[in-house]
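Quick look at run.cif (mmCIF, C-alpha atoms and all ligand atoms):
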```
data_data
#
loop_
_atom_site.label_atom_id
_atom_site.label_comp_id
_atom_site.auth_asym_id
_atom_site.auth_seq_id
_atom_site.Cartn_x
_atom_site.Cartn_y
_atom_site.Cartn_z
CA MET A 1 38.76 89.29 105.12
CA LYS A 2 39.31 91.00 101.79
CA ASP A 3 42.18 88.78 100.64
CA ASP A 4 42.86 85.22 101.72
CA PRO A 5 46.56 85.18 102.66
CA ARG A 6 46.80 81.45 101.95
CA LYS A 7 47.19 81.47 98.20
CA THR A 8 48.95 78.90 96.08
CA ASP A 9 52.05 79.88 94.14
CA GLY A 10 50.05 80.09 90.92
CA GLU A 11 47.46 82.29 92.57
CA TRP A 12 50.14 84.65 93.87
CA ARG A 13 51.69 84.80 90.42
CA ALA A 14 48.36 85.78 88.96
CA ALA A 15 47.50 88.27 91.70
CA LEU A 16 50.77 90.18 91.81
CA SER A 17 52.75 92.13 89.25
CA PRO A 18 55.93 90.35 88.07
CA GLU A 19 58.09 92.65 90.23
CA GLN A 20 55.83 92.21 93.27
CA TYR A 21 55.90 88.43 92.79
CA ARG A 22 59.69 88.38 92.44
CA VAL A 23 60.15 90.35 95.68
CA LEU A 24 57.33 89.04 97.86
CA ARG A 25 57.28 85.37 96.88
CA GLN A 26 60.82 84.79 95.60
CA LYS A 27 62.63 87.01 98.13
CA GLY A 28 63.95 89.26 95.39
CA THR A 29 65.36 92.74 95.89
CA GLU A 30 64.44 95.65 93.66
CA ALA A 31 67.25 97.79 92.26
CA PRO A 32 68.20 100.65 94.59
CA PHE A 33 66.47 103.99 93.93
CA SER A 34 64.07 102.21 91.55
CA GLY A 35 61.11 101.83 93.90
CA ARG A 36 58.23 104.28 93.87
CA TYR A 37 58.29 104.86 97.64
CA CYS A 38 62.02 105.50 98.00
CA ALA A 39 61.64 109.26 97.66
CA ASP A 40 57.91 109.44 98.37
CA HIS A 41 57.19 111.41 101.54
CA SER A 42 53.41 111.09 101.48
CA GLU A 43 51.71 110.62 104.82
CA GLY A 44 49.90 107.38 105.40
CA THR A 45 50.23 103.73 106.27
CA PHE A 46 52.34 101.39 104.18
CA VAL A 47 50.59 98.04 103.79
CA CYS A 48 51.60 94.66 102.41
CA ALA A 49 51.13 94.73 98.62
CA ALA A 50 50.03 91.09 98.74
CA CYS A 51 47.51 91.00 101.59
CA GLY A 52 46.90 94.56 102.83
CA ASN A 53 48.38 93.98 106.30
CA ALA A 54 49.42 97.32 107.86
CA LEU A 55 53.23 97.33 108.11
CA PHE A 56 54.86 100.75 108.44
CA SER A 57 53.84 104.35 109.09
CA SER A 58 55.11 107.30 107.08
CA ALA A 59 55.86 108.90 110.50
CA ASP A 60 58.62 106.30 110.97
CA LYS A 61 60.07 106.68 107.46
CA PHE A 62 63.48 108.29 107.16
CA GLU A 63 66.00 109.12 104.47
CA SER A 64 68.67 106.44 104.77
CA GLY A 65 70.39 107.09 101.45
CA SER A 66 70.34 103.34 100.77
CA GLY A 67 67.98 103.53 97.81
CA TRP A 68 65.15 101.68 99.53
CA PRO A 69 62.30 102.95 101.71
CA SER A 70 63.64 102.87 105.27
CA PHE A 71 61.77 102.91 108.55
CA THR A 72 62.79 103.05 112.21
CA GLN A 73 60.13 100.54 113.28
CA PRO A 74 57.05 98.65 112.04
CA VAL A 75 53.58 99.81 113.10
CA GLY A 76 53.46 96.79 115.41
CA ARG A 77 55.99 94.10 116.16
CA GLU A 78 53.25 91.51 115.60
CA ASN A 79 52.66 92.82 112.06
CA VAL A 80 56.00 91.48 110.86
CA ALA A 81 57.93 88.23 111.21
CA LEU A 82 61.72 88.01 111.39
CA GLU A 83 63.97 85.22 110.16
CA SER A 84 67.72 84.77 110.00
CA ASP A 85 68.96 85.06 106.41
CA VAL A 86 72.44 83.73 105.63
CA THR A 87 72.23 83.97 101.83
CA HIS A 88 74.62 86.06 99.69
CA GLY A 89 77.50 85.52 102.14
CA MET A 90 75.93 87.77 104.77
CA VAL A 91 74.11 87.25 108.05
CA ARG A 92 71.04 89.41 107.91
CA THR A 93 67.61 89.51 109.47
CA GLU A 94 64.86 89.04 106.93
CA VAL A 95 61.56 90.89 107.40
CA LEU A 96 58.37 89.13 106.35
CA CYS A 97 54.68 90.02 106.47
CA SER A 98 53.29 88.16 109.49
CA ARG A 99 49.98 87.62 107.73
CA CYS A 100 50.87 86.20 104.31
CA GLY A 101 54.56 85.40 104.77
CA GLY A 102 55.61 87.68 101.92
CA HIS A 103 59.24 88.84 101.83
CA LEU A 104 59.52 92.57 102.58
CA GLY A 105 63.21 93.30 103.08
CA HIS A 106 65.73 93.27 105.91
CA VAL A 107 66.30 95.03 109.24
CA PHE A 108 69.74 96.33 110.21
CA ASP A 109 71.24 97.72 113.41
CA ASP A 110 72.61 100.92 111.85
CA GLY A 111 69.49 103.07 112.04
CA PRO A 112 69.10 106.45 113.76
CA ALA A 113 68.80 106.92 117.54
CA PRO A 114 66.99 106.18 119.75
CA ARG A 115 65.92 102.79 118.33
CA GLY A 116 68.99 102.26 116.17
CA GLN A 117 67.15 100.13 113.65
CA ARG A 118 66.87 100.50 109.89
CA TRP A 119 64.02 98.55 108.34
CA CYS A 120 65.05 98.43 104.70
CA ILE A 121 61.96 97.52 102.68
CA ASN A 122 61.29 97.01 98.95
CA SER A 123 58.78 99.43 97.45
CA ALA A 124 57.39 96.54 95.41
CA ALA A 125 56.31 94.81 98.64
CA LEU A 126 54.32 97.84 99.78
CA GLY A 127 51.10 99.64 99.09
CA LEU A 128 50.31 103.06 100.54
CA GLU A 129 47.05 104.00 102.20
CA ARG A 130 47.29 107.74 102.31
CA VAL A 131 46.11 109.68 105.32
CA GLN A 132 42.40 110.38 105.26
CA LEU A 133 42.12 114.09 104.68
CA PRO A 134 39.32 116.16 106.23
CA ALA A 135 36.09 116.07 104.29
CA ALA A 136 36.27 118.25 101.22
CA ASP A 137 34.34 121.50 101.05
CA PRO A 138 30.72 120.47 100.35
CA ALA A 139 30.56 123.27 97.79
CA ASP A 140 33.25 121.45 95.81
CA PRO A 141 32.81 117.71 96.43
CA SER A 142 34.87 116.75 93.42
CA GLY A 143 37.93 118.74 94.50
CA PRO A 144 41.36 117.16 94.53
CA GLU A 145 41.21 116.45 98.27
CA ALA A 146 38.16 114.23 97.86
CA GLU A 147 40.08 112.05 95.46
CA ALA A 148 43.24 112.01 97.57
CA ALA A 149 41.31 110.63 100.55
CA THR A 150 40.50 107.40 98.76
CA GLU A 151 43.70 106.95 96.82
CA ARG A 152 45.55 103.70 97.30
CA THR A 153 48.66 102.94 95.32
CA PHE A 154 50.98 100.01 95.06
CA GLY A 155 54.69 99.80 94.46
ZN ZN A 201 51.12 90.24 103.57
#
```
Starting from the coordinates I provided, produce the structure as structure tokens.
Ligand SMILES: [Zn+2]
Amino acid sequence: MKDDPRKTDGEWRAALSPEQYRVLRQKGTEAPFSGRYCADHSEGTFVCAACGNALFSSADKFESGSGWPSFTQPVGRENVALESDVTHGMVRTEVLCSRCGGHLGHVFDDGPAPRGQRWCINSAALGLERVQLPAADPADPSGPEAEAATERTFG
């Protein structure tokens, strides 16, 4: 296991950026249209920024206009945990990482057919493992595709 998901609060604070800590550990919400993955249409798997747990696929990402990355479903229902959230005068369903318990965002019932769900997720809670591209031309091993295959970014 590359990261132990059972960290203390101080360890999380040290391991995460201030924005990641505020979202993941303090259930914060980033400002709309501020997150790096809102308008990012790269192909790959979105993982938990805290523990690396696979969460969402770019194939399920859609343009919701909400200002946050939006998905029609998680990669697996067991990859996320759901809790009722009655803060801020609303009844919402909170989405958490099932592995480390980090706050990711909320899921709403106003998504596109056929599933009708909108998983509204903070960019700061996500990392992106881009799709592994085919091996670069051996004649040019340092080409841009070779670098893209190993790129991993965080929100
Ligand atoms: Zn996690």
Next item on the list: Between atom CA of Trp68 of chain A and atom CA of Cys38 of chain A, measure the distance and give it in Å to one decimal.
Entry: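 Here the two named atoms are 5.2 Å from each other.
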Do you have, as a tab-separated table, the list of residues of chain A lying at most 8 Å from ligand ZN 201 (chain A), each with its nearest atom pair and that distance in Å to one decimal, counting only C-alpha atoms and all ligand atoms and ordered by chain then number?
```
residue	atom	partner	partner_atom	distance
A:Pro5	CA	A:ZN201	ZN	6.9
A:Val47	CA	A:ZN201	ZN	7.8
A:Cys48	CA	A:ZN201	ZN	4.6
A:Ala49	CA	A:ZN201	ZN	6.7
A:Ala50	CA	A:ZN201	ZN	5.0
A:Cys51	CA	A:ZN201	ZN	4.2
A:Gly52	CA	A:ZN201	ZN	6.1
A:Asn53	CA	A:ZN201	ZN	5.4
A:Leu96	CA	A:ZN201	ZN	7.8
A:Cys97	CA	A:ZN201	ZN	4.6
A:Ser98	CA	A:ZN201	ZN	6.6
A:Arg99	CA	A:ZN201	ZN	5.0
A:Cys100	CA	A:ZN201	ZN	4.1
A:Gly101	CA	A:ZN201	ZN	6.1
A:Gly102	CA	A:ZN201	ZN	5.4
```
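Closest approach to Phe46 of chain A from the set A:Gln20, A:Ser70, A:Thr8, A:Ser64 is made by A:Ser70, with distances taken over only C-alpha atoms.
For the pair atom CA of Ala81 of chain A and atom CA of Phe108 of chain A, the interatomic distance is 14.4 Å.
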Next item on the list: Could you please determine the separation between atom CA of Gly76 of chain A and atom CA of Val91 of chain A in Å, to one decimal place?
Entry: 23.9 Å
Next item on the list: May I have the protein, DNA and RNA residues with any atom at most 6 Å from the point (62.0, 100.9, 112.1), counting all atoms listed in the file, written as a VMD selection string?
Entry: chain A and resid 71 to 74 117 to 119
Note to self: I'd like the neighbourhood of Gly28 of chain A as a list in words, where a residue qualifies if any of its atoms comes within 9 Å (using only C-alpha atoms), though same-chain residues fewer than 4 positions away should be ignored.
What the structure shows: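 Neighbouring residues, sequence-local ones excluded: Glu19, Gln20, Tyr21, Arg22, Val23, Leu24, His103, Gly105 and Asn122 of chain A.
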Notebook entry, point to check: A:Cys120, A:Ala59, A:Leu126, A:Ala31: which is nearest Glu43 of chain A, counting only C-alpha atoms?
Noted result: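 Among the listed residues, A:Ala59 lies closest to Glu43 of chain A.
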Check: Given the choices A:Thr153, A:Ser42, A:Asn79, A:Ser123, which gets closest to Leu104 of chain A if the distance is worked out from only C-alpha atoms?
Finding: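 The closest residue to Leu104 of chain A is A:Ser123.
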Edge lengths and centre in Å to one decimal, as AutoDock Vina command-line options, is what I'm after for the box along x, y and z that holds all listed atoms of segment 53-58 of chain A once 6 Å is added on each side.
```
--center_x 51.7 --center_y 100.6 --center_z 107.7 --size_x 18.7 --size_y 25.3 --size_z 14.8
```
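Proximity to Ala125 of chain A was assessed for A:Leu82, A:Ala113, A:Ala39, A:Leu55 counting only C-alpha atoms; the smallest distance is recorded for A:Leu55.
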Next item on the list: Measuring atom to atom with all atoms listed in the file, identify which of A:His88, A:Glu94, A:Tyr37, A:Gln26 is nearest to Trp12 of chain A.
Entry: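 Among the listed residues, the smallest separation from Trp12 of chain A belongs to A:Gln26.
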Check: Can you tell me, as an MDAnalysis selection string, what residues are no more than 6 Å from Thr93 of chain A when counting all atoms listed in the file, ignoring any on the same chain fewer than 6 positions away?
Finding: chainID A and resid 83:85 106:107
Taking N, CA and C atoms as the atom set, what does segment 87-105 of chain A look like once completed, written as an mmCIF file, in the frame of the given file?
```
data_model
loop_
_atom_site.group_PDB
_atom_site.id
_atom_site.type_symbol
_atom_site.label_atom_id
_atom_site.label_comp_id
_atom_site.auth_asym_id
_atom_site.auth_seq_id
_atom_site.Cartn_x
_atom_site.Cartn_y
_atom_site.Cartn_z
ATOM 1 N N THR A 87 71.914 84.030 103.248
ATOM 2 C CA THR A 87 72.230 83.970 101.830
ATOM 3 C C THR A 87 73.164 85.116 101.441
ATOM 4 N N HIS A 88 73.755 85.018 100.259
ATOM 5 C CA HIS A 88 74.620 86.060 99.690
ATOM 6 C C HIS A 88 75.826 86.341 100.573
ATOM 7 N N GLY A 89 76.282 85.350 101.353
ATOM 8 C CA GLY A 89 77.500 85.520 102.140
ATOM 9 C C GLY A 89 77.374 86.492 103.297
ATOM 10 N N MET A 90 76.139 86.812 103.676
ATOM 11 C CA MET A 90 75.930 87.770 104.770
ATOM 12 C C MET A 90 74.997 87.136 105.800
ATOM 13 N N VAL A 91 75.084 87.621 107.022
ATOM 14 C CA VAL A 91 74.110 87.250 108.050
ATOM 15 C C VAL A 91 73.205 88.451 108.254
ATOM 16 N N ARG A 92 71.974 88.301 107.810
ATOM 17 C CA ARG A 92 71.040 89.410 107.910
ATOM 18 C C ARG A 92 69.746 88.925 108.553
ATOM 19 N N THR A 93 68.920 89.859 108.935
ATOM 20 C CA THR A 93 67.610 89.510 109.470
ATOM 21 C C THR A 93 66.560 89.872 108.442
ATOM 22 N N GLU A 94 65.894 88.842 107.938
ATOM 23 C CA GLU A 94 64.860 89.040 106.930
ATOM 24 C C GLU A 94 63.556 89.479 107.583
ATOM 25 N N VAL A 95 62.856 90.409 106.918
ATOM 26 C CA VAL A 95 61.560 90.890 107.400
ATOM 27 C C VAL A 95 60.468 90.343 106.489
ATOM 28 N N LEU A 96 59.493 89.689 107.099
ATOM 29 C CA LEU A 96 58.370 89.130 106.350
ATOM 30 C C LEU A 96 57.054 89.693 106.888
ATOM 31 N N CYS A 97 56.030 89.684 106.025
ATOM 32 C CA CYS A 97 54.680 90.020 106.470
ATOM 33 C C CYS A 97 54.193 88.874 107.362
ATOM 34 N N SER A 98 53.703 89.212 108.566
ATOM 35 C CA SER A 98 53.290 88.160 109.490
ATOM 36 C C SER A 98 51.984 87.499 109.033
ATOM 37 N N ARG A 99 51.283 88.160 108.129
ATOM 38 C CA ARG A 99 49.980 87.620 107.730
ATOM 39 C C ARG A 99 50.085 86.655 106.549
ATOM 40 N N CYS A 100 50.820 87.044 105.498
ATOM 41 C CA CYS A 100 50.870 86.200 104.310
ATOM 42 C C CYS A 100 52.248 85.578 104.093
ATOM 43 N N GLY A 101 53.229 85.971 104.907
ATOM 44 C CA GLY A 101 54.560 85.400 104.770
ATOM 45 C C GLY A 101 55.375 85.992 103.639
ATOM 46 N N GLY A 102 54.886 87.051 103.025
ATOM 47 C CA GLY A 102 55.610 87.680 101.920
ATOM 48 C C GLY A 102 56.914 88.316 102.380
ATOM 49 N N HIS A 103 57.937 88.223 101.525
ATOM 50 C CA HIS A 103 59.240 88.840 101.830
ATOM 51 C C HIS A 103 59.131 90.352 101.647
ATOM 52 N N LEU A 104 59.592 91.109 102.646
ATOM 53 C CA LEU A 104 59.520 92.570 102.580
ATOM 54 C C LEU A 104 60.882 93.206 102.393
ATOM 55 N N GLY A 105 61.875 92.708 103.125
ATOM 56 C CA GLY A 105 63.210 93.300 103.080
ATOM 57 C C GLY A 105 64.015 92.793 104.254
#
```
